[in-house]
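Printed here is query22.cif (mmCIF, C-alpha atoms):
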```
data_my_file
loop_
_atom_site.label_atom_id
_atom_site.label_comp_id
_atom_site.auth_asym_id
_atom_site.auth_seq_id
_atom_site.Cartn_x
_atom_site.Cartn_y
_atom_site.Cartn_z
CA MET A 1 125.58 53.74 95.46
CA SER A 2 127.09 55.40 98.54
CA ASN A 3 126.03 58.95 99.40
CA LEU A 4 129.58 59.73 100.55
CA LYS A 5 131.84 61.80 98.33
CA ILE A 6 134.98 59.92 99.34
CA LEU A 7 135.75 56.29 100.14
CA ARG A 8 137.12 55.15 103.51
CA SER A 9 140.09 52.82 103.51
CA ASP A 10 138.21 50.17 105.49
CA GLU A 11 135.50 49.83 102.81
CA LEU A 12 137.83 49.42 99.84
CA THR A 13 137.82 46.06 98.09
CA ARG A 14 140.98 44.14 97.21
CA GLN A 15 141.01 44.77 93.47
CA ILE A 16 142.62 47.04 90.89
CA CYS A 17 140.58 49.10 88.44
CA VAL A 18 142.42 49.22 85.09
CA VAL A 19 141.25 52.22 83.06
CA VAL A 20 141.55 52.13 79.27
CA GLY A 21 140.00 54.15 76.49
CA THR A 22 142.36 54.37 73.50
CA ARG A 23 144.26 52.00 71.21
CA PRO A 24 147.66 52.62 72.90
CA SER A 25 146.22 51.98 76.35
CA LEU A 26 144.66 48.71 75.17
CA VAL A 27 147.96 47.53 73.67
CA LYS A 28 150.07 48.36 76.70
CA GLN A 29 147.60 47.29 79.37
CA SER A 30 146.98 43.95 77.63
CA ALA A 31 150.38 42.76 78.84
CA VAL A 32 149.75 44.04 82.36
CA MET A 33 146.32 42.39 82.49
CA ARG A 34 147.77 39.08 81.35
CA GLU A 35 150.34 39.31 84.15
CA LEU A 36 147.69 40.26 86.72
CA THR A 37 145.74 37.19 85.62
CA ARG A 38 148.83 34.95 85.88
CA GLN A 39 149.49 36.20 89.41
CA GLU A 40 145.80 35.92 90.34
CA ILE A 41 145.71 39.59 91.33
CA PRO A 42 142.05 40.73 91.30
CA PHE A 43 141.28 43.44 88.77
CA PHE A 44 138.52 44.70 86.54
CA LEU A 45 138.61 46.62 83.28
CA LEU A 46 136.85 49.95 82.89
CA HIS A 47 136.58 51.36 79.36
CA ALA A 48 136.12 55.12 79.38
CA GLY A 49 134.86 55.19 75.79
CA GLN A 50 137.34 57.67 74.26
CA HIS A 51 137.85 55.43 71.20
CA TYR A 52 134.58 53.82 70.28
CA SER A 53 134.67 52.58 66.68
CA TYR A 54 135.30 48.92 65.92
CA GLU A 55 138.43 49.80 63.92
CA LEU A 56 139.99 51.76 66.77
CA ASP A 57 138.69 49.71 69.66
CA GLY A 58 136.70 46.51 69.19
CA VAL A 59 139.22 44.90 66.86
CA PHE A 60 141.91 45.22 69.55
CA PHE A 61 139.84 43.29 72.08
CA ARG A 62 139.51 40.57 69.45
CA ASP A 63 143.17 40.49 68.43
CA LEU A 64 144.72 40.91 71.87
CA GLN A 65 142.23 38.54 73.51
CA ILE A 66 141.44 41.10 76.19
CA PRO A 67 138.40 40.27 78.34
CA GLU A 68 135.42 42.51 77.69
CA PRO A 69 135.29 45.45 80.12
CA ARG A 70 133.16 45.05 83.20
CA TYR A 71 132.11 48.64 82.57
CA ARG A 72 132.02 50.82 79.49
CA ILE A 73 130.99 54.50 79.49
CA GLU A 74 128.72 54.61 76.45
CA THR A 75 127.99 58.35 76.61
CA THR A 76 131.54 59.62 76.01
CA PRO A 77 131.15 59.77 72.18
CA ASN A 78 128.32 62.29 72.65
CA TYR A 79 130.89 64.94 73.56
CA LYS A 80 133.39 66.54 71.20
CA TYR A 81 135.56 68.98 73.15
CA HIS A 82 138.30 68.14 75.64
CA GLY A 83 136.55 69.58 78.69
CA ALA A 84 133.16 68.02 78.03
CA GLN A 85 134.61 64.66 77.03
CA THR A 86 136.90 64.49 80.05
CA ALA A 87 134.08 65.60 82.36
CA GLU A 88 131.75 62.88 81.05
CA MET A 89 134.41 60.21 81.54
CA LEU A 90 135.14 61.55 85.04
CA ARG A 91 131.45 61.44 85.93
CA GLY A 92 131.09 57.86 84.74
CA ILE A 93 134.33 56.59 86.28
CA GLU A 94 133.49 58.16 89.64
CA GLU A 95 130.10 56.41 89.72
CA ILE A 96 131.71 53.06 88.93
CA MET A 97 134.40 53.46 91.57
CA LEU A 98 131.84 54.37 94.21
CA GLU A 99 130.11 51.11 93.34
CA GLU A 100 133.21 48.88 93.11
CA LYS A 101 135.41 50.60 95.74
CA PRO A 102 138.78 49.35 94.38
CA LYS A 103 141.95 49.77 96.44
CA GLY A 104 143.87 50.98 93.39
CA VAL A 105 143.37 52.54 89.97
CA LEU A 106 145.86 52.02 87.14
CA VAL A 107 146.05 54.51 84.29
CA GLY A 108 148.66 54.41 81.53
CA GLY A 109 149.86 57.29 79.39
CA ASP A 110 148.49 60.72 78.69
CA ALA A 111 145.08 60.56 76.96
CA ASN A 112 141.98 62.29 78.32
CA CYS A 113 140.61 58.96 79.60
CA ASN A 114 143.67 58.60 81.84
CA LEU A 115 143.27 62.09 83.24
CA ALA A 116 139.60 61.38 83.97
CA GLY A 117 140.47 58.13 85.74
CA ALA A 118 143.21 59.86 87.71
CA LEU A 119 140.97 62.68 88.87
CA ALA A 120 138.25 60.25 89.96
CA ALA A 121 140.75 58.21 91.98
CA ARG A 122 142.27 61.26 93.62
CA LYS A 123 138.91 62.76 94.61
CA LEU A 124 137.76 59.44 96.10
CA GLN A 125 141.09 58.88 97.91
CA VAL A 126 141.80 55.65 96.04
CA SER A 127 145.48 54.82 95.39
CA LEU A 128 146.37 56.13 91.93
CA CYS A 129 149.03 54.35 89.87
CA HIS A 130 150.41 56.03 86.72
CA GLU A 131 152.18 53.93 84.12
CA GLU A 132 154.71 55.80 81.91
CA ALA A 133 155.06 58.51 84.54
CA GLY A 134 157.63 61.26 84.11
CA MET A 135 157.62 61.41 80.31
CA ARG A 136 157.98 64.95 78.99
CA GLY A 137 157.77 66.35 75.46
CA TYR A 138 158.47 69.91 76.69
CA ASP A 139 155.75 71.40 74.47
CA TRP A 140 153.12 72.99 76.70
CA LEU A 141 150.79 73.52 73.74
CA VAL A 142 150.24 69.77 73.35
CA PRO A 143 147.18 68.45 75.26
CA GLU A 144 148.93 65.20 76.18
CA GLU A 145 151.68 67.16 77.94
CA HIS A 146 149.13 68.84 80.22
CA ASN A 147 147.56 65.50 81.03
CA ARG A 148 150.75 63.63 81.87
CA VAL A 149 152.02 66.42 84.15
CA MET A 150 148.72 66.67 86.04
CA ILE A 151 148.42 62.90 86.45
CA ASP A 152 151.98 62.63 87.77
CA HIS A 153 151.39 65.28 90.42
CA ILE A 154 148.32 63.58 91.87
CA SER A 155 149.55 59.97 91.69
CA ASP A 156 150.48 57.77 94.65
CA TYR A 157 152.58 55.26 92.67
CA LEU A 158 154.53 56.41 89.63
CA PHE A 159 155.84 53.78 87.22
CA ALA A 160 158.65 55.51 85.33
CA PRO A 161 159.85 53.85 82.11
CA ASN A 162 163.46 55.00 82.51
CA GLU A 163 165.91 56.96 84.66
CA GLU A 164 165.29 60.18 82.74
CA ALA A 165 161.62 59.97 83.66
CA ARG A 166 162.57 59.35 87.30
CA SER A 167 164.80 62.43 87.21
CA ASN A 168 161.95 64.51 85.79
CA LEU A 169 159.63 63.38 88.57
CA GLU A 170 162.20 64.01 91.29
CA GLY A 171 162.96 67.45 89.82
CA GLU A 172 159.26 68.33 89.90
CA LYS A 173 159.01 67.09 93.50
CA VAL A 174 156.02 64.84 92.95
CA ARG A 175 154.37 63.49 96.09
CA GLY A 176 154.04 59.82 95.08
CA ARG A 177 156.48 56.91 95.25
CA ILE A 178 158.59 56.44 92.11
CA PHE A 179 159.48 53.03 90.64
CA VAL A 180 161.53 52.58 87.45
CA THR A 181 159.65 49.71 85.82
CA GLY A 182 160.20 50.20 82.09
CA THR A 183 157.23 50.20 79.73
CA PRO A 184 155.02 47.14 79.13
CA ILE A 185 154.86 47.87 75.42
CA VAL A 186 158.01 45.70 75.15
CA ASP A 187 156.03 42.76 76.49
CA SER A 188 153.07 43.53 74.23
CA VAL A 189 155.19 43.67 71.08
CA GLU A 190 157.19 40.53 71.88
CA GLU A 191 154.12 38.52 72.95
CA ASN A 192 152.10 39.46 69.87
CA LEU A 193 154.70 39.57 67.09
CA ALA A 194 154.79 35.81 66.56
CA ILE A 195 150.99 35.67 66.52
CA ALA A 196 150.87 38.53 64.04
CA ARG A 197 153.28 36.74 61.69
CA GLU A 198 151.08 33.68 61.77
CA LYS A 199 147.67 35.33 61.50
CA SER A 200 148.12 38.42 59.33
CA ASP A 201 148.16 38.28 55.54
CA ILE A 202 148.01 42.03 55.00
CA LEU A 203 151.25 42.15 52.98
CA GLN A 204 149.75 39.70 50.50
CA ARG A 205 146.45 41.57 50.39
CA LEU A 206 148.20 44.86 49.67
CA ARG A 207 150.73 43.21 47.35
CA ILE A 208 153.74 44.70 49.07
CA GLN A 209 157.09 43.17 49.94
CA PRO A 210 158.90 43.16 53.29
CA ASP A 211 161.33 46.06 53.55
CA GLY A 212 159.86 47.47 50.34
CA TYR A 213 157.45 50.18 51.52
CA ILE A 214 156.95 53.09 53.92
CA LEU A 215 154.26 53.10 56.62
CA LEU A 216 152.53 56.43 57.34
CA THR A 217 150.26 57.34 60.26
CA MET A 218 149.04 60.70 61.50
CA HIS A 219 146.11 61.59 63.72
CA ARG A 220 147.05 64.01 66.50
CA GLU A 221 145.17 67.30 66.81
CA GLU A 222 148.27 69.43 66.36
CA THR A 223 149.03 67.51 63.17
CA VAL A 224 145.73 67.22 61.34
CA ASP A 225 143.42 69.89 62.74
CA TYR A 226 145.10 72.83 60.98
CA LYS A 227 144.86 73.02 57.21
CA GLU A 228 148.23 74.68 56.64
CA VAL A 229 150.04 72.12 58.83
CA LEU A 230 148.30 69.15 57.25
CA ALA A 231 148.90 70.45 53.72
CA GLU A 232 152.61 70.89 54.47
CA LEU A 233 152.85 67.37 55.90
CA ILE A 234 151.17 65.96 52.81
CA GLU A 235 153.65 67.78 50.60
CA GLY A 236 156.47 66.31 52.67
CA VAL A 237 155.04 62.83 52.23
CA ARG A 238 154.75 63.42 48.49
CA ARG A 239 158.41 64.42 48.28
CA VAL A 240 159.44 61.31 50.21
CA ALA A 241 157.38 59.12 47.88
CA VAL A 242 158.95 60.66 44.79
CA GLY A 243 162.47 60.77 46.21
CA SER A 244 162.53 57.23 47.59
CA GLY A 245 160.48 55.52 44.90
CA LEU A 246 158.94 53.39 47.66
CA PRO A 247 155.19 52.76 47.94
CA ILE A 248 153.49 54.23 51.01
CA VAL A 249 150.80 52.47 53.06
CA PHE A 250 148.57 54.92 54.93
CA PRO A 251 146.09 53.47 57.48
CA ALA A 252 143.98 56.60 57.84
CA HIS A 253 142.52 57.50 61.24
CA PRO A 254 138.85 58.66 61.16
CA ARG A 255 139.89 62.12 62.42
CA THR A 256 142.41 62.44 59.59
CA VAL A 257 139.90 61.29 56.96
CA LEU A 258 137.43 63.88 58.25
CA ARG A 259 139.97 66.70 58.15
CA LEU A 260 141.21 65.77 54.68
CA GLY A 261 137.65 66.08 53.44
CA GLU A 262 136.96 69.34 55.28
CA PHE A 263 140.14 70.93 53.95
CA GLY A 264 139.73 69.67 50.39
CA LEU A 265 142.94 67.62 50.62
CA THR A 266 141.63 64.10 50.00
CA GLU A 267 142.49 64.07 46.28
CA THR A 268 145.88 65.60 47.04
CA VAL A 269 146.72 62.66 49.29
CA ASP A 270 145.31 60.06 46.94
CA ARG A 271 147.39 61.43 44.03
CA ILE A 272 150.69 60.88 45.84
CA PRO A 273 152.63 58.35 43.69
CA GLY A 274 152.47 54.85 45.14
CA LEU A 275 150.37 55.82 48.18
CA THR A 276 147.64 53.39 49.25
CA ARG A 277 145.12 54.71 51.79
CA ILE A 278 143.45 51.98 53.83
CA PRO A 279 141.09 51.93 56.86
CA PRO A 280 142.62 51.64 60.34
CA ALA A 281 144.24 48.24 60.72
CA GLY A 282 143.72 45.70 63.50
CA TYR A 283 146.62 45.20 65.86
CA PHE A 284 148.05 42.11 64.19
CA ASP A 285 147.78 43.69 60.73
CA PHE A 286 149.33 46.91 61.99
CA LEU A 287 152.14 45.13 63.80
CA THR A 288 152.87 43.19 60.60
CA LEU A 289 152.87 46.38 58.53
CA LEU A 290 155.13 48.11 61.02
CA GLY A 291 157.54 45.22 61.52
CA ASN A 292 158.12 44.79 57.78
CA ALA A 293 158.33 48.47 56.79
CA ARG A 294 161.52 50.07 55.48
CA LEU A 295 160.55 53.31 57.25
CA VAL A 296 157.66 54.61 59.35
CA MET A 297 156.54 58.24 59.40
CA THR A 298 154.27 58.99 62.36
CA GLU A 299 153.50 61.21 65.33
CA SER A 300 152.02 58.44 67.47
CA GLY A 301 153.95 57.81 70.66
CA GLY A 302 152.99 54.14 70.65
CA THR A 303 154.15 53.65 67.07
CA ILE A 304 157.43 55.42 67.82
CA GLN A 305 158.03 52.96 70.66
CA GLU A 306 157.00 49.91 68.67
CA SER A 307 159.14 50.82 65.66
CA SER A 308 162.20 51.26 67.88
CA ILE A 309 161.65 47.83 69.44
CA LEU A 310 161.22 46.28 65.96
CA ARG A 311 164.26 48.14 64.56
CA VAL A 312 162.28 50.01 61.93
CA PRO A 313 163.63 53.54 61.28
CA CYS A 314 161.17 56.22 62.34
CA VAL A 315 160.57 59.84 61.34
CA THR A 316 158.43 61.72 63.87
CA LEU A 317 156.19 64.19 62.04
CA SER A 318 156.25 66.72 64.83
CA GLY A 319 158.46 69.17 66.62
CA TYR A 320 158.99 66.92 69.61
CA THR A 321 158.80 63.45 71.09
CA GLU A 322 158.52 62.44 74.72
CA TRP A 323 160.45 59.24 73.90
CA HIS A 324 163.91 60.81 73.87
CA GLU A 325 165.67 57.45 74.23
CA THR A 326 164.53 56.53 70.71
CA GLU A 327 166.44 59.54 69.36
CA ARG A 328 169.54 58.73 71.40
CA ALA A 329 169.49 55.14 70.15
CA GLY A 330 169.39 56.33 66.53
CA ALA A 331 165.99 54.74 65.93
CA ASN A 332 164.01 57.93 65.52
CA LEU A 333 164.48 61.41 64.08
CA VAL A 334 162.13 64.30 64.87
CA SER A 335 161.62 66.10 61.59
CA GLY A 336 159.44 69.09 62.32
CA GLN A 337 156.47 69.74 60.06
CA LYS A 338 157.95 71.45 56.99
CA ALA A 339 158.10 69.50 53.73
CA GLU A 340 161.84 69.95 53.27
CA GLN A 341 162.49 68.84 56.87
CA ILE A 342 160.41 65.70 56.40
CA LEU A 343 162.25 64.78 53.20
CA ALA A 344 165.66 65.35 54.78
CA ALA A 345 164.74 63.29 57.85
CA ALA A 346 163.37 60.44 55.72
CA GLU A 347 166.53 60.35 53.59
CA GLU A 348 168.67 60.26 56.72
CA MET A 349 166.69 57.46 58.37
CA LEU A 350 166.55 55.39 55.16
CA SER A 351 170.35 55.45 55.09
CA ARG A 352 170.88 54.35 58.69
CA ASP A 353 171.84 50.86 59.80
CA ARG A 354 169.11 49.10 61.74
CA ASN A 355 171.35 47.74 64.47
CA TRP A 356 170.47 49.89 67.47
CA PRO A 357 169.85 48.21 70.84
CA ASN A 358 166.25 48.17 72.01
CA PRO A 359 166.00 51.50 73.87
CA PHE A 360 163.30 50.09 76.16
CA GLY A 361 165.27 47.08 77.33
CA LYS A 362 164.13 43.52 77.88
CA SER A 363 160.64 42.15 78.42
CA GLY A 364 159.26 41.55 81.92
CA ARG A 365 158.07 45.14 82.40
CA ALA A 366 154.47 44.08 82.87
CA LYS A 367 155.55 41.72 85.66
CA ALA A 368 157.38 44.54 87.43
CA ILE A 369 154.22 46.64 87.40
CA ALA A 370 151.98 43.75 88.47
CA ASP A 371 154.34 42.91 91.34
CA ILE A 372 154.03 46.44 92.74
CA LEU A 373 150.26 46.48 92.29
CA GLY A 374 149.96 43.20 94.20
CA GLU A 375 152.49 43.86 96.95
CA LYS A 376 152.33 47.60 97.56
CA VAL A 377 148.84 48.65 96.47
CA LEU A 378 146.80 45.59 97.50
CA GLY A 379 149.13 44.59 100.32
CA GLY A 380 150.35 41.21 99.14
#
```
I'd like the structure from this file rewritten - as structure tokens, please.
Amino acid sequence: MSNLKILRSDELTRQICVVVGTRPSLVKQSAVMRELTRQEIPFFLLHAGQHYSYELDGVFFRDLQIPEPRYRIETTPNYKYHGAQTAEMLRGIEEIMLEEKPKGVLVGGDANCNLAGALAARKLQVSLCHEEAGMRGYDWLVPEEHNRVMIDHISDYLFAPNEEARSNLEGEKVRGRIFVTGTPIVDSVEENLAIAREKSDILQRLRIQPDGYILLTMHREETVDYKEVLAELIEGVRRVAVGSGLPIVFPAHPRTVLRLGEFGLTETVDRIPGLTRIPPAGYFDFLTLLGNARLVMTESGGTIQESSILRVPCVTLSGYTEWHETERAGANLVSGQKAEQILAAAEEMLSRDRNWPNPFGKSGRAKAIADILGEKVLGG
């Protein structure tokens, strides 16, 4: 390893380091990596280790046929808190980049692994590329909001998913070059939906009918880490179950399962009429569950996007969403976190026609990003 603290431009190698670490980053970057491979653009995958269970991580490599990472930071799960976890990922990513010396680093989204990758690139003077740049939820208490703002302001190439994101970046006077590329989640959904229909039998296993159930997910800190908030959300879900008469499928995130147990709420959830709690689903199973649902209730940004693309009405169990175009299209309604708000939002979305245009546009977004990485970052 070099003893230098920065990398000189003349020693950089013609390759892109793609940083992943969470389920959403794996899903979105899978399409970009496939396009990089098609264009024979050199890259390697670095897994920062933020998600480390098979259910949240390994199963996605299997389903999406992503090549195994060249590097994986195995020590990240040893750390619990934001600062320590981000610092450990930063330490590991920096060591790897000093060894590999890539010309560019691609991070996508707003998780801690992306912030760690961004900081390592900036400190080493490696070109930093941020996918989904310029997204804003306008809630400064949300950790992901801090991350996305910081990454944007230290990036060299900013891949904005829409014109609103570009406007945000221009208004904040970021230093990097802005490109409106769209989001590669469109490519990921379209490429994998047909495979999911062929491979997944989860509807049969759960004995549910297409368009005959509600899908529920919740895992974010601001949603599940506070007993009073989680209890209110559960009551809202109960009211939706009773009011709609529809069964609810709940793939429960490990964090949520832990908090339900800590707060004494597990039995409360399991007594909701028609609710089936299952382990986290693989990507094909989840895509099948989502694509066939009558309604999804979630606070996951990736699920909000995917449901809009698949024309499944969505209720966001939060006070905000960074994906404002899903609201404008009529695909999504932000409910807030009170039981009566959740019920009202669910009733409204269940009554809506599912004929909105895809708010994220056509496929080909991954190609747009790969083109810039090859031509601008690596120099053709």
(Q) Given the PyMOL selection byres ((chain A and resi 133-145) around 8) and the file above, list the residues it selects as a PyMOL selection string. (A) chain A and resi 109-112+130-132+146-149+152+158-161+164-169+222+320-323
Q.
Excluding A:Gln15 and its own-chain neighbours fewer than 4 positions away, which residues fall within 6 Å of it when counting all atoms listed in the file? Please give them as a list in words.
A.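 Within the cut-off, the hits are Pro42, Phe43, Pro102 and Lys103 of chain A.
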Q: One decimal, Å: what's the distance from atom CA of A:Ile178 over to atom CA of A:Leu124, could you say?
A: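 Separation of atom CA of A:Ile178 and atom CA of A:Leu124: 21.4 Å.
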Evaluate the PyMOL selection byres ((chain A and resi 39) around 12) here and jot the selected residues down as a tab-separated table (two decimals) with C-alpha atoms, in the frame of the given file.
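New file part.tsv:
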```
chain	number	residue	atom	x	y	z
A	32	VAL	CA	149.75	44.04	82.36
A	33	MET	CA	146.32	42.39	82.49
A	34	ARG	CA	147.77	39.08	81.35
A	35	GLU	CA	150.34	39.31	84.15
A	36	LEU	CA	147.69	40.26	86.72
A	37	THR	CA	145.74	37.19	85.62
A	38	ARG	CA	148.83	34.95	85.88
A	40	GLU	CA	145.80	35.92	90.34
A	41	ILE	CA	145.71	39.59	91.33
A	42	PRO	CA	142.05	40.73	91.30
A	43	PHE	CA	141.28	43.44	88.77
A	366	ALA	CA	154.47	44.08	82.87
A	367	LYS	CA	155.55	41.72	85.66
A	368	ALA	CA	157.38	44.54	87.43
A	369	ILE	CA	154.22	46.64	87.40
A	370	ALA	CA	151.98	43.75	88.47
A	371	ASP	CA	154.34	42.91	91.34
A	372	ILE	CA	154.03	46.44	92.74
A	373	LEU	CA	150.26	46.48	92.29
A	374	GLY	CA	149.96	43.20	94.20
A	375	GLU	CA	152.49	43.86	96.95
A	380	GLY	CA	150.35	41.21	99.14
```
(Q) If I take atom CA of A:Val377 and atom CA of A:Gly104, how far is one from the other in Å, to one decimal? (A) 6.3 Å
Q | Given the PyMOL selection byres ((chain A and resi 343) around 8), the residues it picks as a count of residues only | A | 12
Q: Place a sphere of radius 6 Å on (146.4, 60.0, 63.0) in the file coordinates and name every protein, DNA or RNA residue with an atom inside or on its surface, counting only C-alpha atoms; give the answer as a PyMOL selection string.
A: chain A and resi 217-220+253+256
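Among the candidates A:Gly182, A:Gly336, A:Gly364, A:Pro69, the residue lying nearest to A:Glu232 is A:Gly336 (atoms considered: all atoms listed in the file).
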Q. So what do you get for atom CA of A:Thr22 versus atom CA of A:Arg328, distance-wise?
A.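 One can read the atom CA of A:Thr22 to atom CA of A:Arg328 distance as 27.6 Å.
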(Q) Which residues are close to A:Pro251, i.e. within 8 Å by all atoms listed in the file, leaving aside same-chain residues fewer than 5 positions away? Reply as a list in words. (A)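 So the residues in contact are Leu216, Thr217, Arg277, Ile278, Pro279, Pro280 and Ala281 of chain A.
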Can you spit out the residues from that selection as a PDB file, in the coordinates of the input, using C-alpha atoms?
```pdb
ATOM      1  CA  LEU A 216     152.530  56.430  57.340  1.00  0.00           C
ATOM      2  CA  THR A 217     150.260  57.340  60.260  1.00  0.00           C
ATOM      3  CA  ARG A 277     145.120  54.710  51.790  1.00  0.00           C
ATOM      4  CA  ILE A 278     143.450  51.980  53.830  1.00  0.00           C
ATOM      5  CA  PRO A 279     141.090  51.930  56.860  1.00  0.00           C
ATOM      6  CA  PRO A 280     142.620  51.640  60.340  1.00  0.00           C
ATOM      7  CA  ALA A 281     144.240  48.240  60.720  1.00  0.00           C
TER       8      ALA A 281
END
```
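Neighbouring residues of A:Asn332 at 9 Å or closer, counting all atoms listed in the file and skipping chain neighbours under 6 positions away, are Ile304, Ser307, Ser308, Val312, Pro313, Cys314, Val315, Thr316, His324, Glu325, Thr326 and Met349 of chain A.
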Q) Counting only C-alpha atoms, what is within 10 Å of A:Gln50, bar same-chain residues fewer than 5 positions away, as number ranges by chain? A) A: 20-23, 56-57, 73-77, 79, 85-86, 89, 111-114
Q. Excluding same-chain residues fewer than 5 positions from A:Leu260, what lies within 9 Å of it counting only C-alpha atoms, as a PyMOL selection string?
A. chain A and resi 224+227+230+255+265-269
Q.
So, with all atoms listed in the file as the atoms that count, which of A:Asn292, A:Gly282, A:Phe44, A:Asp211 lies closest to A:Arg62?
A.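 Counting all atoms listed in the file, the residue closest to A:Arg62 is A:Gly282.
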